[in-house]
Structure formats: structure tokens, C-alpha cells
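Reproduced below: work.cif, with mmCIF, C-alpha atoms, pLDDT in the B column; chains and numbers go by the auth columns.
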data_data
loop_
_atom_site.group_PDB
_atom_site.id
_atom_site.type_symbol
_atom_site.label_atom_id
_atom_site.label_comp_id
_atom_site.label_asym_id
_atom_site.label_seq_id
_atom_site.Cartn_x
_atom_site.Cartn_y
_atom_site.Cartn_z
_atom_site.B_iso_or_equiv
_atom_site.auth_seq_id
_atom_site.auth_asym_id
ATOM 1 C CA MET A 1 0.000 0.000 0.000 76.00 1 A
ATOM 2 C CA GLN A 2 1.208 3.489 -0.827 88.00 2 A
ATOM 3 C CA SER A 3 1.941 5.866 2.015 93.00 3 A
ATOM 4 C CA VAL A 4 -0.213 8.908 2.677 94.00 4 A
ATOM 5 C CA ARG A 5 2.626 11.110 1.447 93.00 5 A
ATOM 6 C CA GLU A 6 2.903 9.181 -1.834 95.00 6 A
ATOM 7 C CA ILE A 7 -0.850 9.323 -2.452 96.00 7 A
ATOM 8 C CA VAL A 8 -1.043 13.045 -1.755 95.00 8 A
ATOM 9 C CA ARG A 9 2.004 13.710 -3.930 94.00 9 A
ATOM 10 C CA GLU A 10 0.444 11.724 -6.809 96.00 10 A
ATOM 11 C CA LEU A 11 -2.891 13.516 -6.384 96.00 11 A
ATOM 12 C CA ARG A 12 -1.120 16.866 -6.577 94.00 12 A
ATOM 13 C CA ARG A 13 0.724 15.701 -9.701 96.00 13 A
ATOM 14 C CA VAL A 14 -2.522 14.663 -11.408 97.00 14 A
ATOM 15 C CA VAL A 15 -4.315 17.899 -10.460 97.00 15 A
ATOM 16 C CA ASP A 16 -1.350 19.889 -11.760 96.00 16 A
ATOM 17 C CA ALA A 17 -1.428 17.899 -15.020 97.00 17 A
ATOM 18 C CA VAL A 18 -5.137 18.678 -15.496 98.00 18 A
ATOM 19 C CA LEU A 19 -4.438 22.354 -14.832 97.00 19 A
ATOM 20 C CA GLY A 20 -1.600 22.231 -17.375 97.00 20 A
ATOM 21 C CA VAL A 21 -3.888 20.789 -20.054 98.00 21 A
ATOM 22 C CA TYR A 22 -6.429 23.533 -19.335 98.00 22 A
ATOM 23 C CA LEU A 23 -3.781 26.257 -19.607 98.00 23 A
ATOM 24 C CA ASP A 24 -2.363 24.778 -22.834 98.00 24 A
ATOM 25 C CA ALA A 25 -5.865 24.526 -24.295 98.00 25 A
ATOM 26 C CA THR A 26 -6.825 28.102 -23.452 98.00 26 A
ATOM 27 C CA ARG A 27 -3.557 29.316 -24.952 98.00 27 A
ATOM 28 C CA GLY A 28 -4.468 27.345 -28.080 98.00 28 A
ATOM 29 C CA PHE A 29 -7.938 28.921 -28.193 98.00 29 A
ATOM 30 C CA HIS A 30 -6.298 32.344 -28.021 98.00 30 A
ATOM 31 C CA LEU A 31 -4.016 31.464 -30.952 98.00 31 A
ATOM 32 C CA VAL A 32 -6.891 30.088 -33.073 98.00 32 A
ATOM 33 C CA HIS A 33 -8.819 33.304 -32.443 98.00 33 A
ATOM 34 C CA GLU A 34 -5.832 35.458 -33.374 98.00 34 A
ATOM 35 C CA ASP A 35 -5.220 33.338 -36.487 97.00 35 A
ATOM 36 C CA ILE A 36 -8.752 33.599 -37.915 97.00 36 A
ATOM 37 C CA VAL A 37 -8.965 37.333 -37.110 97.00 37 A
ATOM 38 C CA GLY A 38 -5.614 37.846 -38.864 97.00 38 A
ATOM 39 C CA ILE A 39 -6.666 35.832 -41.926 95.00 39 A
ATOM 40 C CA GLN A 40 -9.907 37.783 -42.209 95.00 40 A
ATOM 41 C CA LYS A 41 -8.104 41.102 -41.859 95.00 41 A
ATOM 42 C CA SER A 42 -5.615 40.156 -44.558 95.00 42 A
ATOM 43 C CA MET A 43 -8.356 38.991 -46.946 92.00 43 A
ATOM 44 C CA SER A 44 -10.378 42.113 -46.261 92.00 44 A
ATOM 45 C CA GLU A 45 -7.406 44.335 -47.087 92.00 45 A
ATOM 46 C CA GLU A 46 -6.640 42.387 -50.296 91.00 46 A
ATOM 47 C CA MET A 47 -10.256 42.661 -51.482 89.00 47 A
ATOM 48 C CA LYS A 48 -10.953 46.164 -50.232 86.00 48 A
ATOM 49 C CA GLY A 49 -14.129 47.595 -51.712 83.00 49 A
ATOM 50 C CA LEU A 50 -15.511 44.219 -52.821 84.00 50 A
ATOM 51 C CA PRO A 51 -18.540 42.730 -51.059 82.00 51 A
ATOM 52 C CA PHE A 52 -16.789 39.404 -50.399 84.00 52 A
ATOM 53 C CA GLY A 53 -13.938 41.292 -48.743 86.00 53 A
ATOM 54 C CA GLU A 54 -16.142 42.560 -45.929 93.00 54 A
ATOM 55 C CA ILE A 55 -15.659 40.946 -42.512 94.00 55 A
ATOM 56 C CA SER A 56 -19.453 40.495 -42.271 94.00 56 A
ATOM 57 C CA TYR A 57 -19.321 38.412 -45.480 94.00 57 A
ATOM 58 C CA LEU A 58 -16.305 36.404 -44.336 95.00 58 A
ATOM 59 C CA ASP A 59 -17.979 35.691 -40.982 97.00 59 A
ATOM 60 C CA LYS A 60 -20.719 33.790 -42.818 97.00 60 A
ATOM 61 C CA GLN A 61 -18.250 31.620 -44.755 95.00 61 A
ATOM 62 C CA PRO A 62 -17.442 28.098 -43.564 94.00 62 A
ATOM 63 C CA PHE A 63 -14.330 27.046 -41.716 94.00 63 A
ATOM 64 C CA ILE A 64 -13.788 23.356 -42.376 90.00 64 A
ATOM 65 C CA TYR A 65 -11.803 20.825 -40.368 91.00 65 A
ATOM 66 C CA GLY A 66 -10.952 17.666 -42.276 87.00 66 A
ATOM 67 C CA GLN A 67 -8.350 15.053 -43.017 84.00 67 A
ATOM 68 C CA GLY A 68 -6.298 14.943 -46.206 78.00 68 A
ATOM 69 C CA HIS A 69 -6.629 17.328 -49.117 76.00 69 A
ATOM 70 C CA PRO A 70 -10.037 19.039 -49.400 70.00 70 A
ATOM 71 C CA ASP A 71 -10.275 18.169 -53.136 73.00 71 A
ATOM 72 C CA GLU A 72 -10.071 14.440 -52.427 73.00 72 A
ATOM 73 C CA ALA A 73 -13.578 12.972 -52.190 67.00 73 A
ATOM 74 C CA GLN A 74 -12.603 10.192 -49.780 69.00 74 A
ATOM 75 C CA TRP A 75 -11.860 12.789 -47.078 75.00 75 A
ATOM 76 C CA PRO A 76 -15.206 14.305 -46.091 80.00 76 A
ATOM 77 C CA PRO A 77 -15.247 17.230 -43.648 84.00 77 A
ATOM 78 C CA LEU A 78 -15.005 16.300 -39.990 89.00 78 A
ATOM 79 C CA HIS A 79 -16.463 19.542 -38.686 94.00 79 A
ATOM 80 C CA VAL A 80 -17.865 22.654 -40.359 94.00 80 A
ATOM 81 C CA VAL A 81 -18.519 25.951 -38.606 97.00 81 A
ATOM 82 C CA THR A 82 -18.873 29.560 -39.747 98.00 82 A
ATOM 83 C CA GLN A 83 -15.866 31.796 -39.288 97.00 83 A
ATOM 84 C CA GLU A 84 -17.960 33.958 -36.963 98.00 84 A
ATOM 85 C CA GLU A 85 -18.751 30.941 -34.764 98.00 85 A
ATOM 86 C CA LEU A 86 -15.097 29.901 -34.783 98.00 86 A
ATOM 87 C CA LYS A 87 -14.057 33.365 -33.573 98.00 87 A
ATOM 88 C CA ALA A 88 -16.770 33.496 -30.917 98.00 88 A
ATOM 89 C CA ARG A 89 -16.048 30.131 -29.314 98.00 89 A
ATOM 90 C CA ASN A 90 -12.291 30.787 -29.226 98.00 90 A
ATOM 91 C CA ALA A 91 -12.559 34.350 -27.894 97.00 91 A
ATOM 92 C CA PRO A 92 -11.783 34.815 -24.176 95.00 92 A
ATOM 93 C CA GLY A 93 -14.863 33.699 -22.256 95.00 93 A
ATOM 94 C CA GLY A 94 -16.192 31.842 -25.308 97.00 94 A
ATOM 95 C CA GLN A 95 -17.683 28.369 -25.311 98.00 95 A
ATOM 96 C CA ASN A 96 -14.320 26.612 -25.667 98.00 96 A
ATOM 97 C CA TYR A 97 -12.966 28.341 -22.560 98.00 97 A
ATOM 98 C CA ILE A 98 -16.124 27.469 -20.639 98.00 98 A
ATOM 99 C CA PHE A 99 -16.031 23.825 -21.720 98.00 99 A
ATOM 100 C CA ALA A 100 -12.336 23.442 -20.896 98.00 100 A
ATOM 101 C CA GLY A 101 -12.733 24.986 -17.439 98.00 101 A
ATOM 102 C CA ASN A 102 -15.838 23.015 -16.562 98.00 102 A
ATOM 103 C CA MET A 103 -14.395 19.717 -17.807 98.00 103 A
ATOM 104 C CA SER A 104 -11.181 20.346 -15.871 98.00 104 A
ATOM 105 C CA LEU A 105 -13.198 20.622 -12.667 98.00 105 A
ATOM 106 C CA VAL A 106 -15.183 17.479 -13.568 98.00 106 A
ATOM 107 C CA THR A 107 -11.957 15.593 -14.336 98.00 107 A
ATOM 108 C CA ILE A 108 -10.307 16.590 -11.056 98.00 108 A
ATOM 109 C CA TYR A 109 -13.369 15.413 -9.151 98.00 109 A
ATOM 110 C CA GLN A 110 -13.471 12.076 -10.986 98.00 110 A
ATOM 111 C CA TYR A 111 -9.813 11.384 -10.191 98.00 111 A
ATOM 112 C CA TRP A 112 -10.478 12.260 -6.557 98.00 112 A
ATOM 113 C CA GLU A 113 -13.625 10.191 -6.143 98.00 113 A
ATOM 114 C CA LYS A 114 -12.664 7.089 -8.120 97.00 114 A
ATOM 115 C CA ARG A 115 -8.955 6.854 -7.350 97.00 115 A
ATOM 116 C CA PHE A 116 -7.491 9.074 -4.673 97.00 116 A
ATOM 117 C CA ARG A 117 -10.253 9.253 -2.087 97.00 117 A
ATOM 118 C CA PRO A 118 -10.409 5.440 -1.649 98.00 118 A
ATOM 119 C CA GLN A 119 -6.599 5.181 -1.600 97.00 119 A
ATOM 120 C CA LEU A 120 -6.199 7.986 0.916 96.00 120 A
ATOM 121 C CA ALA A 121 -8.995 6.651 3.121 96.00 121 A
ATOM 122 C CA ALA A 122 -7.368 3.210 3.223 96.00 122 A
ATOM 123 C CA ALA A 123 -3.953 4.698 4.018 95.00 123 A
ATOM 124 C CA LEU A 124 -5.513 6.698 6.878 94.00 124 A
ATOM 125 C CA GLY A 125 -7.380 3.633 8.187 95.00 125 A
ATOM 126 C CA LYS A 126 -10.830 5.018 7.323 95.00 126 A
ATOM 127 C CA SER A 127 -13.691 3.966 5.088 96.00 127 A
ATOM 128 C CA THR A 128 -14.092 5.972 1.903 96.00 128 A
ATOM 129 C CA ASP A 129 -17.402 7.394 3.150 95.00 129 A
ATOM 130 C CA ASP A 130 -15.721 8.587 6.359 95.00 130 A
ATOM 131 C CA LEU A 131 -13.078 10.589 4.480 96.00 131 A
ATOM 132 C CA GLU A 132 -14.578 14.017 3.936 94.00 132 A
ATOM 133 C CA VAL A 133 -12.695 16.874 2.316 96.00 133 A
ATOM 134 C CA ASP A 134 -14.837 20.016 2.226 97.00 134 A
ATOM 135 C CA VAL A 135 -13.229 21.388 -0.940 98.00 135 A
ATOM 136 C CA MET A 136 -14.017 18.215 -2.857 98.00 136 A
ATOM 137 C CA GLY A 137 -17.583 18.157 -1.521 98.00 137 A
ATOM 138 C CA ASP A 138 -17.973 21.638 -3.001 98.00 138 A
ATOM 139 C CA VAL A 139 -16.419 20.481 -6.276 98.00 139 A
ATOM 140 C CA ARG A 140 -18.886 17.560 -6.361 98.00 140 A
ATOM 141 C CA ARG A 141 -21.832 19.966 -6.184 98.00 141 A
ATOM 142 C CA TYR A 142 -20.451 22.056 -9.061 98.00 142 A
ATOM 143 C CA ARG A 143 -19.674 18.879 -11.019 98.00 143 A
ATOM 144 C CA ASN A 144 -23.257 17.661 -10.590 98.00 144 A
ATOM 145 C CA SER A 145 -24.614 21.004 -11.774 98.00 145 A
ATOM 146 C CA ILE A 146 -22.345 20.924 -14.824 98.00 146 A
ATOM 147 C CA LEU A 147 -23.251 17.379 -15.845 98.00 147 A
ATOM 148 C CA HIS A 148 -26.874 17.123 -14.745 98.00 148 A
ATOM 149 C CA ASP A 149 -28.244 20.675 -14.934 96.00 149 A
ATOM 150 C CA ASP A 150 -26.598 22.044 -18.078 97.00 150 A
ATOM 151 C CA ALA A 151 -24.048 23.999 -16.006 98.00 151 A
ATOM 152 C CA VAL A 152 -26.670 25.863 -13.984 98.00 152 A
ATOM 153 C CA ALA A 153 -25.949 25.758 -10.250 98.00 153 A
ATOM 154 C CA ASP A 154 -28.566 23.674 -8.496 97.00 154 A
ATOM 155 C CA ALA A 155 -29.945 24.204 -4.989 98.00 155 A
ATOM 156 C CA ASN A 156 -27.230 22.020 -3.423 98.00 156 A
ATOM 157 C CA VAL A 157 -24.553 24.543 -4.424 98.00 157 A
ATOM 158 C CA GLY A 158 -25.893 26.721 -1.611 97.00 158 A
ATOM 159 C CA LYS A 159 -24.416 24.167 0.834 97.00 159 A
ATOM 160 C CA ASN A 160 -20.819 24.791 -0.289 98.00 160 A
ATOM 161 C CA LYS A 161 -18.449 25.440 2.593 97.00 161 A
ATOM 162 C CA VAL A 162 -15.228 26.609 0.927 97.00 162 A
ATOM 163 C CA LEU A 163 -15.689 27.290 -2.799 98.00 163 A
ATOM 164 C CA LYS A 164 -18.584 29.742 -2.814 97.00 164 A
ATOM 165 C CA TRP A 165 -18.211 30.884 -6.403 98.00 165 A
ATOM 166 C CA PHE A 166 -21.813 30.543 -7.566 98.00 166 A
ATOM 167 C CA GLN A 167 -25.308 30.688 -6.113 97.00 167 A
ATOM 168 C CA PRO A 168 -28.224 28.446 -7.100 97.00 168 A
ATOM 169 C CA GLY A 169 -29.462 29.490 -10.537 98.00 169 A
ATOM 170 C CA ASP A 170 -26.114 30.977 -11.634 98.00 170 A
ATOM 171 C CA ARG A 171 -24.329 29.702 -14.726 98.00 171 A
ATOM 172 C CA VAL A 172 -21.348 27.599 -13.652 98.00 172 A
ATOM 173 C CA VAL A 173 -18.373 28.905 -15.617 98.00 173 A
ATOM 174 C CA ILE A 174 -15.044 27.689 -14.238 98.00 174 A
ATOM 175 C CA THR A 175 -12.145 30.031 -15.014 97.00 175 A
ATOM 176 C CA THR A 176 -8.406 30.040 -14.441 97.00 176 A
ATOM 177 C CA ASN A 177 -8.954 31.872 -11.158 97.00 177 A
ATOM 178 C CA HIS A 178 -11.408 29.225 -9.957 98.00 178 A
ATOM 179 C CA LEU A 179 -9.039 26.376 -10.815 98.00 179 A
ATOM 180 C CA SER A 180 -6.139 28.165 -9.133 97.00 180 A
ATOM 181 C CA GLU A 181 -8.191 28.630 -5.966 97.00 181 A
ATOM 182 C CA LEU A 182 -9.275 24.989 -6.071 97.00 182 A
ATOM 183 C CA VAL A 183 -5.650 23.803 -6.280 96.00 183 A
ATOM 184 C CA TRP A 184 -4.610 26.075 -3.402 95.00 184 A
ATOM 185 C CA LYS A 185 -7.528 25.200 -1.119 96.00 185 A
ATOM 186 C CA LEU A 186 -7.216 21.467 -1.833 96.00 186 A
ATOM 187 C CA GLY A 187 -3.512 21.579 -0.975 93.00 187 A
ATOM 188 C CA SER A 188 -4.227 23.399 2.284 93.00 188 A
ATOM 189 C CA GLU A 189 -7.020 21.031 3.318 93.00 189 A
ATOM 190 C CA LEU A 190 -4.945 17.943 2.504 92.00 190 A
ATOM 191 C CA ALA A 191 -2.078 19.354 4.570 91.00 191 A
ATOM 192 C CA ASP A 192 -4.442 19.860 7.522 89.00 192 A
ATOM 193 C CA LEU A 193 -6.000 16.432 7.088 85.00 193 A
ATOM 194 C CA THR A 194 -2.768 14.458 6.807 84.00 194 A
ATOM 195 C CA GLY A 195 -0.407 16.555 8.901 83.00 195 A
ATOM 196 C CA LEU A 196 1.900 16.813 5.885 74.00 196 A
ATOM 197 C CA GLU A 197 3.378 20.113 4.821 64.00 197 A
ATOM 198 C CA LYS A 198 2.276 21.494 1.455 56.00 198 A
ATOM 199 C CA GLU A 199 4.922 20.524 -1.075 51.00 199 A
#

Rewritten as C-alpha cells:
Amino acid sequence: MQSVREIVRELRRVVDAVLGVYLDATRGFHLVHEDIVGIQKSMSEEMKGLPFGEISYLDKQPFIYGQGHPDEAQWPPLHVVTQEELKARNAPGGQNYIFAGNMSLVTIYQYWEKRFRPQLAAALGKSTDDLEVDVMGDVRRYRNSILHDDAVADANVGKNKVLKWFQPGDRVVITTNHLSELVWKLGSELADLTGLEKE
């Protein structure tokens, strides 16, 4: 059996990895947004004065993700979206940012509940149900709202003890600041629970 220290260290590593994926993804969204805005600006300047050079016209044109060369019939499009939609979902606060933040919180909770909570409980000589970490109870309520209530905070969110980011009825939109606070508060609570210093 792993020691408490080893389990906590591995949990911190996994949480940090999830945070890293989120930060990489949001940086990528920023670059996609910059790229499409730059392409549109360049096309607009090249076709100045023509109707199909207007940004409003370009916004309605498709952006196509696919495999292989677009002229080859055996490679149908994988995903088609308007350029306007592509810009909107990759803009700061857009749907891609919201999805990445919310799924990062869901992922952290799943690792906790299915892997680390049982391991840590066993190492501390407790049953899984007897191991309560307030931060993760709060995360569970947000996770349930994200998955079961279309990311609208349900009534149970009002019971949160530590992470009081949203009230019942609010949209649950997890940001970099929320994830940073979650990492910090989880580290502090684990240190208190186990008697181990934060590493």
C-alpha cells in the first residue's frame, strides 16, 4: 500500500497535469482566435471595396476541419462551422474556454472520487465514506450542476463550505482563477487532514 505522502504527492501531480492541459488549451484557443482574425483582416485588405472582402461576409463563410486534401472525395469534412462561430467560441470567455474549465473541474473530481479518495482513506485507516474533504464536496456539487443541470448551479450549491463561487441558478463557468483557488484550497485542506506540509 502506498503511504499517505505518496498518495497526496500523486494527487497533486494529477491535479497539476489537469491544470496544465487547461492552460495549454486556453492558450491554443487564443491562438486560433488570433489566427482567424488575422486571416480575415488580410483577406479584407486584399479585397478592399468588394462585397466578399467585408468581414461580415467572411464571418458567414465556412471554416472546415478535415483530413487529407479538401479536393479528395474520400476525405469528407469532420467539422464545419462559420468563421464567426469559430471566432466566438475561441474568444476569451467563449464556449471553448467554458467547456475546458468546466471539464477540468469534472476531471479533477473524478480522479479524486474514483482513485485518490479510496486510496487515501485506506492509508488513513478510514472507510471511503468517512473521508470528507470540504473542498471536494464543493467540487462535487459544481460537477453535478455541470453534468446534470446544463451547467446551472442547483440548490445544493448553496451548501458549499469553501468554494462559494456561484449561487443556485447561476451559470457555472469555471475560469483560471477558480481552478487556481481549487488547487490552493485542496492543498491546504490535505495538509491539515494528513499533517503533511504542502509541497

Starting from the PyMOL selection byres ((chain A and resi 99) around 12), expand the selection into actual residues of this file and give them as a PyMOL selection string.
chain A and resi 22+25-26+29+89-90+93-98+100-107+146-147+150-151+172-175

Specify as a list in words each residue included when the PyMOL selection byres ((chain A and resi 153) around 7) is applied to this file.
Tyr142, Ser145, Ala151, Val152, Asp154, Ala155, Val157, Phe166, Gln167, Pro168, Gly169, Asp170, Arg171 and Val172 of chain A

Do you know which residues are at most 7 Å from Trp75 (chain A) counting all atoms listed in the file, after dropping those on the same chain fewer than 6 positions away, and could you put them as a VMD selection string?
chain A and resid 66 to 68

For Leu11 (chain A), find every residue with an atom within 10 Å (counting all atoms listed in the file), except residues of its own chain fewer than 2 positions away, and show them as a ChimeraX atom specification.
/A:5-9,13-17,108,111-112,115-117,120,187

Report as a short mmCIF file (atom, residue, chain, number, x, y, z; two decimals) with C-alpha atoms, keeping the file's coordinate frame all protein, DNA and RNA residues lying within 12 Å of Lys164 (chain A), evaluated on all atoms listed in the file, omitting residues in the same chain fewer than 5 positions from it.
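Printed below is around_30.cif as written:
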data_model
loop_
_atom_site.label_atom_id
_atom_site.label_comp_id
_atom_site.auth_asym_id
_atom_site.auth_seq_id
_atom_site.Cartn_x
_atom_site.Cartn_y
_atom_site.Cartn_z
CA ASP A 134 -14.84 20.02 2.23
CA VAL A 135 -13.23 21.39 -0.94
CA GLY A 137 -17.58 18.16 -1.52
CA ASP A 138 -17.97 21.64 -3.00
CA VAL A 139 -16.42 20.48 -6.28
CA ARG A 141 -21.83 19.97 -6.18
CA TYR A 142 -20.45 22.06 -9.06
CA ALA A 153 -25.95 25.76 -10.25
CA ASN A 156 -27.23 22.02 -3.42
CA VAL A 157 -24.55 24.54 -4.42
CA GLY A 158 -25.89 26.72 -1.61
CA LYS A 159 -24.42 24.17 0.83
CA ASP A 170 -26.11 30.98 -11.63
CA VAL A 172 -21.35 27.60 -13.65
CA HIS A 178 -11.41 29.22 -9.96
CA GLU A 181 -8.19 28.63 -5.97
CA LEU A 182 -9.28 24.99 -6.07
#
